[in-house]
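Undergrad: Provided below: upload.pdb, containing PDB, C-alpha atoms.
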ATOM      1  CA  MET A 125      35.677  46.500  46.179
ATOM      2  CA  THR A 126      32.756  44.170  46.674
ATOM      3  CA  HIS A 127      33.335  40.404  46.741
ATOM      4  CA  ASN A 128      30.304  38.405  45.455
ATOM      5  CA  LYS A 129      29.447  34.734  45.768
ATOM      6  CA  GLY A 130      26.530  33.269  43.835
ATOM      7  CA  ILE A 131      24.669  35.397  41.287
ATOM      8  CA  VAL A 132      25.232  38.968  40.243
ATOM      9  CA  ASN A 133      22.330  40.586  38.449
ATOM     10  CA  ARG A 134      22.887  43.898  36.689
ATOM     11  CA  GLY A 135      20.234  45.335  34.433
ATOM     12  CA  SER A 136      17.055  43.796  33.157
ATOM     13  CA  LYS A 137      16.124  40.934  30.839
ATOM     14  CA  ASN A 138      18.547  38.465  32.403
ATOM     15  CA  THR A 139      17.894  34.812  31.723
ATOM     16  CA  PHE A 140      19.287  32.010  33.902
ATOM     17  CA  SER A 141      19.023  28.312  33.183
ATOM     18  CA  THR A 142      20.644  25.138  34.540
ATOM     19  CA  ILE A 143      22.151  26.968  37.551
ATOM     20  CA  ALA A 144      23.356  25.843  40.946
ATOM     21  CA  ILE A 145      24.008  28.058  44.001
ATOM     22  CA  GLY A 146      26.102  27.452  47.086
ATOM     23  CA  ASP A 147      29.163  25.462  48.109
ATOM     24  CA  LYS A 148      29.665  22.192  46.232
ATOM     25  CA  ALA A 149      26.587  22.859  44.107
ATOM     26  CA  HIS A 150      26.192  20.823  40.931
ATOM     27  CA  ALA A 151      24.030  21.185  37.853
ATOM     28  CA  SER A 152      23.416  18.649  35.099
ATOM     29  CA  THR A 153      21.330  18.683  31.960
ATOM     30  CA  THR A 154      19.258  16.053  30.195
ATOM     31  CA  ALA A 155      18.509  16.299  26.498
ATOM     32  CA  PRO A 156      14.851  17.141  25.896
ATOM     33  CA  GLN A 157      12.719  14.281  24.638
ATOM     34  CA  PRO A 158      10.779  14.888  21.410
ATOM     35  CA  SER A 159       7.042  14.965  21.812
ATOM     36  CA  PRO A 160       5.098  12.395  19.790
ATOM     37  CA  GLU A 161       3.896  13.479  16.370
ATOM     38  CA  PRO A 162       0.226  14.322  16.047
ATOM     39  CA  GLY A 163      -1.512  11.482  14.294
ATOM     40  CA  ALA A 164       1.061   8.933  15.426
ATOM     41  CA  VAL A 165      -0.407   5.827  16.963
ATOM     42  CA  GLU A 166       0.513   3.833  20.008
ATOM     43  CA  ALA A 167       1.768   0.395  19.008
ATOM     44  CA  ASN A 168      -1.042  -1.307  20.913
ATOM     45  CA  VAL A 169      -3.757   0.707  19.142
ATOM     46  CA  PRO A 170      -3.306  -0.144  15.444
ATOM     47  CA  TRP A 171      -5.445   1.303  12.696
ATOM     48  CA  ASP A 172      -7.581  -1.135  10.749
ATOM     49  CA  LEU A 173      -6.527  -0.577   7.144
ATOM     50  CA  GLY A 174      -3.501   1.033   5.496
ATOM     51  CA  ILE A 175      -3.747   1.614   1.735
ATOM     52  CA  VAL A 176      -0.839   2.230  -0.626
ATOM     53  CA  THR A 177      -1.397   3.897  -3.995
ATOM     54  CA  ILE A 178       1.051   4.937  -6.691
ATOM     55  CA  LEU A 179      -0.676   7.357  -9.078
ATOM     56  CA  SER A 180      -2.608  10.500  -8.140
ATOM     57  CA  GLU A 181      -5.704   9.067  -9.863
ATOM     58  CA  GLU A 182      -5.478   6.037  -7.602
ATOM     59  CA  LEU A 183      -5.218   8.079  -4.401
ATOM     60  CA  ARG A 184      -8.070  10.422  -5.417
ATOM     61  CA  SER A 185     -10.272   7.407  -6.116
ATOM     62  CA  VAL A 186      -9.564   5.924  -2.675
ATOM     63  CA  ILE A 187     -10.136   9.287  -0.959
ATOM     64  CA  ASP A 188     -13.511   9.707  -2.691
ATOM     65  CA  ALA A 189     -14.669   6.118  -2.164
ATOM     66  CA  LEU A 190     -13.792   6.059   1.554
ATOM     67  CA  LYS A 191     -14.275   9.760   2.422
ATOM     68  CA  LEU A 192     -10.756  10.370   3.740
ATOM     69  CA  ASN A 193      -9.237  13.668   4.882
ATOM     70  CA  ARG A 194      -5.709  15.011   4.487
ATOM     71  CA  HIS A 195      -3.268  14.842   7.397
ATOM     72  CA  LYS A 196       0.312  16.142   7.299
ATOM     73  CA  THR A 197       2.891  15.072   9.855
ATOM     74  CA  PRO A 198       5.457  17.554  11.240
ATOM     75  CA  THR A 199       8.116  15.695   9.233
ATOM     76  CA  GLY A 200       6.292  16.430   5.972
ATOM     77  CA  LEU A 201       4.611  13.105   5.220
ATOM     78  CA  TYR A 202       1.082  13.258   3.826
ATOM     79  CA  PHE A 203      -1.568  10.733   4.786
ATOM     80  CA  TYR A 204      -5.308  10.648   4.160
ATOM     81  CA  GLN A 205      -7.284   9.226   7.031
ATOM     82  CA  GLY A 206     -10.846   8.713   8.183
ATOM     83  CA  GLU A 207     -13.427   6.365   9.631
ATOM     84  CA  HIS A 208     -15.723   4.066   7.703
ATOM     85  CA  THR A 209     -18.630   2.210   9.319
ATOM     86  CA  VAL A 210     -19.511  -1.253   8.018
ATOM     87  CA  SER A 211     -21.548  -4.004   9.675
ATOM     88  CA  ASP A 212     -21.957  -1.886  12.840
ATOM     89  CA  THR A 213     -18.174  -1.648  13.112
ATOM     90  CA  THR A 214     -16.196   1.568  12.661
ATOM     91  CA  LEU A 215     -12.933   1.057  10.812
ATOM     92  CA  ARG A 216     -10.065   3.529  10.979
ATOM     93  CA  ILE A 217      -8.531   3.809   7.513
ATOM     94  CA  VAL A 218      -5.434   5.595   6.236
ATOM     95  CA  ALA A 219      -4.054   5.916   2.702
ATOM     96  CA  THR A 220      -0.778   7.175   1.305
ATOM     97  CA  GLN A 221       0.981   7.557  -2.038
ATOM     98  CA  THR A 222       4.446   6.310  -2.936
ATOM     99  CA  GLN A 223       7.078   8.704  -4.202
ATOM    100  CA  SER A 224       7.477   6.710  -7.410
ATOM    101  CA  GLN A 225       6.547   3.492  -9.162
ATOM    102  CA  GLY A 226       8.230   0.258  -8.200
ATOM    103  CA  GLN A 227       8.854  -2.219  -5.432
ATOM    104  CA  ARG A 228      11.361  -0.131  -3.430
ATOM    105  CA  SER A 229       9.168   2.939  -3.090
ATOM    106  CA  THR A 230       6.257   0.688  -2.135
ATOM    107  CA  MET A 231       8.250  -0.847   0.697
ATOM    108  CA  ALA A 232       9.198   2.623   1.956
ATOM    109  CA  ALA A 233       5.536   3.678   1.954
ATOM    110  CA  LEU A 234       4.601   0.537   3.889
ATOM    111  CA  GLU A 235       7.250   1.335   6.485
ATOM    112  CA  ASN A 236       5.829   4.847   6.884
ATOM    113  CA  LEU A 237       2.370   3.360   7.429
ATOM    114  CA  ARG A 238       3.749   0.895   9.961
ATOM    115  CA  ARG A 239       5.597   3.580  11.951
ATOM    116  CA  HIS A 240       2.734   6.071  12.057
ATOM    117  CA  TYR A 241      -0.394   3.886  12.054
ATOM    118  CA  ASN A 242       0.597   0.213  12.460
ATOM    119  CA  PRO A 243      -2.429  -1.048  10.428
ATOM    120  CA  ARG A 244      -3.626  -4.607  10.850
ATOM    121  CA  LEU A 245      -4.289  -4.932   7.108
ATOM    122  CA  TRP A 246      -2.349  -3.551   4.134
ATOM    123  CA  ALA A 247      -4.022  -3.009   0.763
ATOM    124  CA  LEU A 248      -2.459  -2.094  -2.554
ATOM    125  CA  ALA A 249      -5.135  -0.407  -4.698
ATOM    126  CA  GLY A 250      -4.898   0.987  -8.206
ATOM    127  CA  ILE A 251      -4.258  -0.021 -11.794
ATOM    128  CA  ALA A 252      -2.573  -2.902 -13.597
ATOM    129  CA  GLY A 253      -2.022  -4.238 -17.098
ATOM    130  CA  GLY A 254      -4.208  -7.191 -18.029
ATOM    131  CA  ILE A 255      -2.673 -10.269 -19.657
ATOM    132  CA  HIS A 256      -5.778 -12.493 -19.798
ATOM    133  CA  ASP A 257      -8.034 -11.823 -22.792
ATOM    134  CA  ASP A 258     -11.281 -12.945 -21.111
ATOM    135  CA  HIS A 259     -10.957 -12.045 -17.432
ATOM    136  CA  ALA A 260      -8.702  -8.990 -17.572
ATOM    137  CA  ARG A 261     -10.578  -6.708 -19.937
ATOM    138  CA  ILE A 262     -10.153  -2.969 -19.473
ATOM    139  CA  GLY A 263     -12.256  -1.778 -16.530
ATOM    140  CA  ASN A 264     -12.435  -5.201 -14.872
ATOM    141  CA  VAL A 265     -10.981  -5.609 -11.379
ATOM    142  CA  ILE A 266      -8.620  -8.310 -10.134
ATOM    143  CA  VAL A 267      -8.653  -9.163  -6.423
ATOM    144  CA  SER A 268      -5.423 -10.935  -5.577
ATOM    145  CA  THR A 269      -4.138 -12.814  -2.559
ATOM    146  CA  ASP A 270      -1.344 -14.379  -4.650
ATOM    147  CA  VAL A 271       1.685 -12.605  -6.102
ATOM    148  CA  VAL A 272       4.370 -13.966  -8.414
ATOM    149  CA  TYR A 273       7.564 -11.875  -8.466
ATOM    150  CA  TYR A 274       9.244 -12.566 -11.815
ATOM    151  CA  GLU A 275      12.494 -10.552 -11.762
ATOM    152  CA  ASN A 276      14.875 -13.140 -10.265
ATOM    153  CA  ARG A 277      16.711 -14.938 -13.071
ATOM    154  CA  LYS A 278      19.906 -16.667 -14.102
ATOM    155  CA  ILE A 279      21.581 -15.489 -17.295
ATOM    156  CA  ASN A 280      23.375 -18.335 -19.075
ATOM    157  CA  PRO A 281      25.509 -18.092 -22.236
ATOM    158  CA  HIS A 282      22.629 -19.270 -24.423
ATOM    159  CA  ASP A 283      19.481 -18.486 -22.458
ATOM    160  CA  THR A 284      17.952 -16.751 -19.448
ATOM    161  CA  ARG A 285      16.055 -18.742 -16.832
ATOM    162  CA  ARG A 286      13.619 -16.871 -14.608
ATOM    163  CA  ARG A 287      13.075 -17.954 -11.023
ATOM    164  CA  GLY A 288       9.645 -16.868  -9.876
ATOM    165  CA  GLU A 289       8.806 -16.228  -6.229
ATOM    166  CA  HIS A 290       5.213 -16.997  -5.271
ATOM    167  CA  ARG A 291       3.709 -15.632  -2.049
ATOM    168  CA  GLN A 292       0.176 -15.909  -0.703
ATOM    169  CA  ALA A 293      -1.657 -13.653   1.742
ATOM    170  CA  PRO A 294      -2.509 -14.970   5.228
ATOM    171  CA  ALA A 295      -5.291 -17.538   5.454
ATOM    172  CA  HIS A 296      -7.865 -15.221   7.069
ATOM    173  CA  ILE A 297      -7.561 -12.778   4.147
ATOM    174  CA  VAL A 298      -7.985 -15.603   1.632
ATOM    175  CA  HIS A 299     -11.104 -16.756   3.514
ATOM    176  CA  ALA A 300     -12.507 -13.200   3.459
ATOM    177  CA  VAL A 301     -11.996 -12.908  -0.311
ATOM    178  CA  ASN A 302     -13.530 -16.338  -0.849
ATOM    179  CA  ALA A 303     -16.599 -15.254   1.149
ATOM    180  CA  TYR A 304     -16.995 -12.138  -1.034
ATOM    181  CA  PHE A 305     -17.020 -14.178  -4.243
ATOM    182  CA  THR A 306     -19.272 -16.847  -2.708
ATOM    183  CA  GLU A 307     -21.900 -14.193  -2.020
ATOM    184  CA  HIS A 308     -21.434 -12.079  -5.162
ATOM    185  CA  GLY A 309     -20.522 -14.741  -7.709
ATOM    186  CA  THR A 310     -17.424 -15.333  -9.822
ATOM    187  CA  PRO A 311     -17.189 -13.028 -11.540
ATOM    188  CA  ALA A 312     -18.823 -10.451  -9.317
ATOM    189  CA  ARG A 313     -20.272  -7.541 -11.267
ATOM    190  CA  ILE A 314     -20.104  -3.802 -10.649
ATOM    191  CA  ASN A 315     -21.218  -0.719 -12.530
ATOM    192  CA  GLY A 316     -18.565   1.602 -13.903
ATOM    193  CA  GLN A 317     -17.531   4.181 -11.319
ATOM    194  CA  THR A 318     -17.021   7.119 -13.685
ATOM    195  CA  ALA A 319     -19.821   9.212 -15.169
ATOM    196  CA  ALA A 320     -18.916   8.160 -18.714
ATOM    197  CA  HIS A 321     -19.141   4.459 -17.830
ATOM    198  CA  ALA A 322     -21.858   4.445 -15.148
ATOM    199  CA  GLY A 323     -24.238   2.491 -17.371
ATOM    200  CA  GLU A 324     -21.716  -0.245 -18.150
ATOM    201  CA  GLN A 325     -21.029  -3.392 -16.164
ATOM    202  CA  TYR A 326     -17.577  -4.683 -15.311
ATOM    203  CA  GLU A 327     -16.425  -7.962 -13.837
ATOM    204  CA  VAL A 328     -14.438  -8.704 -10.685
ATOM    205  CA  TYR A 329     -12.256 -11.826 -10.608
ATOM    206  CA  PRO A 330      -9.960 -13.457  -8.070
ATOM    207  CA  GLY A 331      -6.566 -14.050  -9.613
ATOM    208  CA  VAL A 332      -2.797 -13.949  -9.408
ATOM    209  CA  ILE A 333      -0.750 -10.784  -9.995
ATOM    210  CA  GLY A 334       2.617 -10.942 -11.724
ATOM    211  CA  SER A 335       4.956  -8.282 -10.366
ATOM    212  CA  GLY A 336       8.374  -6.956 -11.366
ATOM    213  CA  GLU A 337      10.173  -3.796 -12.440
ATOM    214  CA  ALA A 338       9.070  -3.623 -16.079
ATOM    215  CA  VAL A 339       6.416  -1.490 -17.745
ATOM    216  CA  ILE A 340       5.141  -4.033 -20.274
ATOM    217  CA  ALA A 341       3.820  -2.685 -23.564
ATOM    218  CA  ASP A 342       4.480  -5.672 -25.831
ATOM    219  CA  ARG A 343       2.031  -8.520 -26.314
ATOM    220  CA  ALA A 344       4.895 -10.796 -27.357
ATOM    221  CA  SER A 345       6.983  -9.988 -24.254
ATOM    222  CA  ASP A 346       8.899 -12.906 -22.781
ATOM    223  CA  ILE A 347       7.651 -11.783 -19.343
ATOM    224  CA  ARG A 348       4.031 -12.335 -20.391
ATOM    225  CA  THR A 349       4.941 -15.725 -21.815
ATOM    226  CA  TYR A 350       6.806 -16.725 -18.669
ATOM    227  CA  LEU A 351       3.992 -15.669 -16.324
ATOM    228  CA  THR A 352       1.219 -17.438 -18.244
ATOM    229  CA  THR A 353       3.234 -20.661 -18.309
ATOM    230  CA  TYR A 354       4.360 -20.317 -14.668
ATOM    231  CA  HIS A 355       0.744 -20.019 -13.462
ATOM    232  CA  GLU A 356      -2.279 -20.003 -15.755
ATOM    233  CA  LYS A 357      -4.227 -17.808 -13.335
ATOM    234  CA  VAL A 358      -1.884 -14.823 -13.584
ATOM    235  CA  LEU A 359      -4.375 -12.235 -14.839
ATOM    236  CA  ALA A 360      -2.494  -8.942 -14.613
ATOM    237  CA  VAL A 361       0.920  -7.361 -14.069
ATOM    238  CA  ASP A 362       2.088  -4.472 -11.899
ATOM    239  CA  MET A 363       5.299  -3.033 -10.430
ATOM    240  CA  GLU A 364       4.476  -2.956  -6.694
ATOM    241  CA  ALA A 365       2.775  -6.128  -5.416
ATOM    242  CA  GLY A 366       6.098  -7.957  -5.143
ATOM    243  CA  GLY A 367       7.341  -5.266  -2.755
ATOM    244  CA  LEU A 368       4.193  -5.610  -0.646
ATOM    245  CA  SER A 369       4.507  -9.391  -0.315
ATOM    246  CA  GLN A 370       8.267  -9.157   0.361
ATOM    247  CA  TYR A 371       7.813  -6.463   3.024
ATOM    248  CA  TRP A 372       5.089  -8.560   4.658
ATOM    249  CA  GLN A 373       7.399 -11.576   4.871
ATOM    250  CA  GLU A 374      10.322  -9.596   6.282
ATOM    251  CA  ASN A 375       8.051  -7.737   8.721
ATOM    252  CA  SER A 376       7.132 -11.081  10.320
ATOM    253  CA  VAL A 377      10.234 -10.878  12.537
ATOM    254  CA  HIS A 378       8.672  -8.067  14.608
ATOM    255  CA  GLY A 379       7.194  -9.062  17.949
ATOM    256  CA  THR A 380       3.718  -7.833  17.015
ATOM    257  CA  THR A 381       1.177  -9.659  14.855
ATOM    258  CA  ASN A 382       2.054  -9.320  11.179
ATOM    259  CA  PRO A 383      -0.705  -7.540   9.202
ATOM    260  CA  GLY A 384      -2.652  -9.221   6.446
ATOM    261  CA  TRP A 385      -2.403  -7.949   2.867
ATOM    262  CA  ILE A 386      -4.433  -7.805  -0.323
ATOM    263  CA  VAL A 387      -3.964  -6.419  -3.850
ATOM    264  CA  ILE A 388      -6.876  -4.866  -5.761
ATOM    265  CA  ARG A 389      -6.130  -3.860  -9.348
ATOM    266  CA  GLY A 390      -8.355  -2.266 -11.957
ATOM    267  CA  VAL A 391      -7.286  -3.162 -15.488
ATOM    268  CA  SER A 392      -6.262   0.001 -17.355
ATOM    269  CA  ASP A 393      -4.599  -1.575 -20.405
ATOM    270  CA  ASN A 394      -3.682  -4.921 -21.945
ATOM    271  CA  ALA A 395       0.097  -4.657 -21.486
ATOM    272  CA  ASP A 396       0.519  -4.325 -25.254
ATOM    273  CA  GLU A 397       1.432  -1.699 -27.839
ATOM    274  CA  HIS A 398      -1.860   0.119 -27.207
ATOM    275  CA  LYS A 399      -0.943   0.821 -23.580
ATOM    276  CA  GLY A 400      -1.754   4.385 -22.517
ATOM    277  CA  HIS A 401      -3.289   6.587 -19.823
ATOM    278  CA  SER A 402      -6.824   6.950 -21.151
ATOM    279  CA  HIS A 403      -8.356   4.331 -18.825
ATOM    280  CA  HIS A 404      -6.457   5.143 -15.623
ATOM    281  CA  GLU A 405      -9.409   6.956 -14.039
ATOM    282  CA  LEU A 406     -11.924   4.192 -14.793
ATOM    283  CA  ALA A 407      -9.601   1.439 -13.565
ATOM    284  CA  SER A 408      -8.638   3.364 -10.412
ATOM    285  CA  ARG A 409     -12.226   4.156  -9.424
ATOM    286  CA  ASN A 410     -13.463   0.637 -10.117
ATOM    287  CA  ALA A 411     -10.654  -0.753  -7.924
ATOM    288  CA  ALA A 412     -11.410   1.685  -5.084
ATOM    289  CA  HIS A 413     -15.091   0.746  -5.263
ATOM    290  CA  VAL A 414     -14.304  -2.964  -4.993
ATOM    291  CA  LEU A 415     -12.042  -2.248  -2.006
ATOM    292  CA  SER A 416     -14.957  -0.517  -0.254
ATOM    293  CA  CYS A 417     -17.202  -3.513  -1.044
ATOM    294  CA  LEU A 418     -14.681  -5.883   0.523
ATOM    295  CA  LEU A 419     -14.429  -4.005   3.841
ATOM    296  CA  PRO A 420     -17.307  -5.861   5.577
ATOM    297  CA  TYR A 421     -15.446  -9.130   5.014
ATOM    298  CA  PHE A 422     -12.323  -7.860   6.766
ATOM    299  CA  CYS A 423     -14.064  -6.699   9.959
TER     300      CYS A 423
END
Please, can you express the file's structure as structure tokens?
TA:
Amino acid sequence: MTHNKGIVNRGSKNTFSTIAIGDKAHASTTAPQPSPEPGAVEANVPWDLGIVTILSEELRSVIDALKLNRHKTPTGLYFYQGEHTVSDTTLRIVATQTQSQGQRSTMAALENLRRHYNPRLWALAGIAGGIHDDHARIGNVIVSTDVVYYENRKINPHDTRRRGEHRQAPAHIVHAVNAYFTEHGTPARINGQTAAHAGEQYEVYPGVIGSGEAVIADRASDIRTYLTTYHEKVLAVDMEAGGLSQYWQENSVHGTTNPGWIVIRGVSDNADEHKGHSHHELASRNAAHVLSCLLPYFC
């Protein structure tokens, strides 16, 4: 009989790992550390602009206007990223799409952008319903650094009292938007960004966005009435800008500089009984075009 100490190897294709040989030998293991995801960004190297869209038409419009390319993370998230040169400065830009409409999905998309790209500016680009007969005509674009969230309310036995929350973008973003309108006029004017409307002119206004959870398709809606009396410069309504402004405020507790934010909305309907999808493409492409025109002011 043979007495062995150590390792006995019989046959081929033996594999040994985490072994120790000899008297009082000891072996320990350490869990492997995951490698960083491709496309992830170091916290001290933020991207310049992170864009959130909701509809596929909105994302396609942003991709075309800014020449972005698809990127998929190992965890299955899709982003569209690229570089855009303005005023001798190259900006790194990334866009994403929410899973669904609404404030909650918007906040989740913003968190994904923060974790993977940490942009120094957030933009919400796409469509909205206009509630101002003169300024918010279909195809016009609203550039907003002010958001009124209208959902908070107290329900009494005989009435309901809404409690609006009003948030404004950081001062340097407001100054940048003011500079754009100083140089291009108020309203600024653009040509339609679809082939069918290329010969038509549309107007770009600064204004306030009303934001909540409702799809409004009633001209007599109490939400429209409330918003126009709360602030006469509320020009359009959406379902996501409140989430953006809320996320921005709550993100301010992080140790890093809190990004700026802006909302750019093309008017696709008048938030009335005629609301439909026929102008989504025009409104989305006009909004994406205005976003590209604003980039030099954010450098």
Undergrad: One decimal, in Å: what's the spacing between CA of Tyr329 in chain A and CA of Asp270 in chain A?
TA: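 Rounded to one decimal, the two atoms are 12.7 Å apart.
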Undergrad: Could you write out as a PyMOL selection string the residues that the PyMOL selection byres ((chain A and resi 397) around 10) matches in the shown file?
TA: chain A and resi 340-344+393-396+398-400
Undergrad: For the atom pair CA of Gly336 in chain A and CA of Val176 in chain A, what is the interatomic distance in Å to one decimal place?
TA: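 The value is 16.9 Å.
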Undergrad: With a distance cut-off of 7 Å and all atoms listed in the file, select the neighbouring residues of Ser335 in chain A, excluding the residue or stretch itself and same-chain residues fewer than 4 positions from it, and output the selection as a list in words.
TA: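 Selected residues are Val271, Val272, Tyr273, Tyr274, Val361, Asp362, Met363, Glu364, Ala365 and Gly366 of chain A.
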Undergrad: Applying 12 Å and all atoms listed in the file, which residues near Glu374 in chain A remain after dropping the ones on its own chain fewer than 5 positions away? List them as a PyMOL selection string.
TA: chain A and resi 231+234-235+367-369+382-383
Undergrad: Compile the contact shell of Ile187 in chain A as a list of chain:residue names: residues with an atom at most 9 Å away, counting only C-alpha atoms, same-chain residues fewer than 5 positions apart removed.
TA: A:Glu182, A:Leu192, A:Asn193, A:Tyr204, A:Gln205, A:Ala219, A:Ala412
Undergrad: Using all atoms listed in the file, which residues of range 285-334 of chain A come within 12 Å of range 236-245 of chain A, and what is the closest atom pair for each, with the distance in Å to one decimal? Give it as JSON lines, sorted by chain and residue number.
TA:
{"residue": "A:Ala293", "atom": "CA", "partner": "A:Leu245", "partner_atom": "CA", "distance": 10.6}
{"residue": "A:Pro294", "atom": "CA", "partner": "A:Leu245", "partner_atom": "CA", "distance": 10.4}
{"residue": "A:His296", "atom": "CA", "partner": "A:Leu245", "partner_atom": "CA", "distance": 10.9}
{"residue": "A:Ile297", "atom": "CA", "partner": "A:Leu245", "partner_atom": "CA", "distance": 9.0}
Undergrad: Rank nothing, just name the residue among A:Val339, A:Ala249, A:Val387, A:Val298 nearest to Ala407 in chain A, using all atoms listed in the file.
TA: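 Smallest separation from Ala407 in chain A among the options: A:Ala249.
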Undergrad: Evaluate the PyMOL selection byres ((chain A and resi 250-267) around 8) and record the selected residues as a short mmCIF file (atom, residue, chain, number, x, y, z; two decimals) with C-alpha atoms, keeping the file's coordinate frame, following the chain and residue labels used in the document.
TA:
data_model
loop_
_atom_site.label_atom_id
_atom_site.label_comp_id
_atom_site.auth_asym_id
_atom_site.auth_seq_id
_atom_site.Cartn_x
_atom_site.Cartn_y
_atom_site.Cartn_z
CA THR A 177 -1.40 3.90 -4.00
CA ILE A 178 1.05 4.94 -6.69
CA LEU A 179 -0.68 7.36 -9.08
CA GLU A 182 -5.48 6.04 -7.60
CA LEU A 248 -2.46 -2.09 -2.55
CA ALA A 249 -5.14 -0.41 -4.70
CA SER A 268 -5.42 -10.94 -5.58
CA THR A 269 -4.14 -12.81 -2.56
CA VAL A 301 -12.00 -12.91 -0.31
CA GLY A 316 -18.57 1.60 -13.90
CA TYR A 326 -17.58 -4.68 -15.31
CA GLU A 327 -16.42 -7.96 -13.84
CA VAL A 328 -14.44 -8.70 -10.68
CA TYR A 329 -12.26 -11.83 -10.61
CA PRO A 330 -9.96 -13.46 -8.07
CA GLY A 331 -6.57 -14.05 -9.61
CA ILE A 340 5.14 -4.03 -20.27
CA ARG A 348 4.03 -12.34 -20.39
CA VAL A 358 -1.88 -14.82 -13.58
CA LEU A 359 -4.38 -12.24 -14.84
CA ALA A 360 -2.49 -8.94 -14.61
CA VAL A 361 0.92 -7.36 -14.07
CA ASP A 362 2.09 -4.47 -11.90
CA ILE A 386 -4.43 -7.80 -0.32
CA VAL A 387 -3.96 -6.42 -3.85
CA ILE A 388 -6.88 -4.87 -5.76
CA ARG A 389 -6.13 -3.86 -9.35
CA GLY A 390 -8.36 -2.27 -11.96
CA VAL A 391 -7.29 -3.16 -15.49
CA SER A 392 -6.26 0.00 -17.36
CA ASP A 393 -4.60 -1.58 -20.40
CA ASN A 394 -3.68 -4.92 -21.94
CA ALA A 395 0.10 -4.66 -21.49
CA HIS A 403 -8.36 4.33 -18.82
CA HIS A 404 -6.46 5.14 -15.62
CA LEU A 406 -11.92 4.19 -14.79
CA ALA A 407 -9.60 1.44 -13.56
CA SER A 408 -8.64 3.36 -10.41
CA ASN A 410 -13.46 0.64 -10.12
CA ALA A 411 -10.65 -0.75 -7.92
CA ALA A 412 -11.41 1.68 -5.08
CA VAL A 414 -14.30 -2.96 -4.99
#
Undergrad: Can you work out the spacing between CA of Gly226 in chain A and CA of Glu289 in chain A in Å, to one decimal?
TA: 16.6 Å
Undergrad: When distances are computed from only C-alpha atoms, which of A:Gly309, A:Gln227, A:Gly206, A:Thr220 shows the smallest separation from Arg184 in chain A?
TA: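 Going through A:Gly309, A:Gln227, A:Gly206, A:Thr220 one by one, the smallest distance to Arg184 in chain A is for A:Thr220.
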Undergrad: Taking the file as shown, what set of residues would the PyMOL selection byres ((chain A and resi 278-287) around 12) give back, as a PyMOL selection string?
TA: chain A and resi 272-277+288-290+336+346-347+349-351+353-354
Undergrad: Counting only C-alpha atoms, which residue out of A:Ala338, A:Ala300, A:Val218, A:Leu183 sits closest to Gly384 in chain A?
TA: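 Among A:Ala338, A:Ala300, A:Val218, A:Leu183, it is A:Ala300 that comes nearest to Gly384 in chain A.
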Undergrad: Between A:Leu190, A:Val169, A:Ala232, A:Ala319, which residue has the minimum interatomic distance to Val210 in chain A, considering all atoms listed in the file?
TA: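 Looking only at the distances to Val210 in chain A, the closest residue turns out to be A:Leu190.
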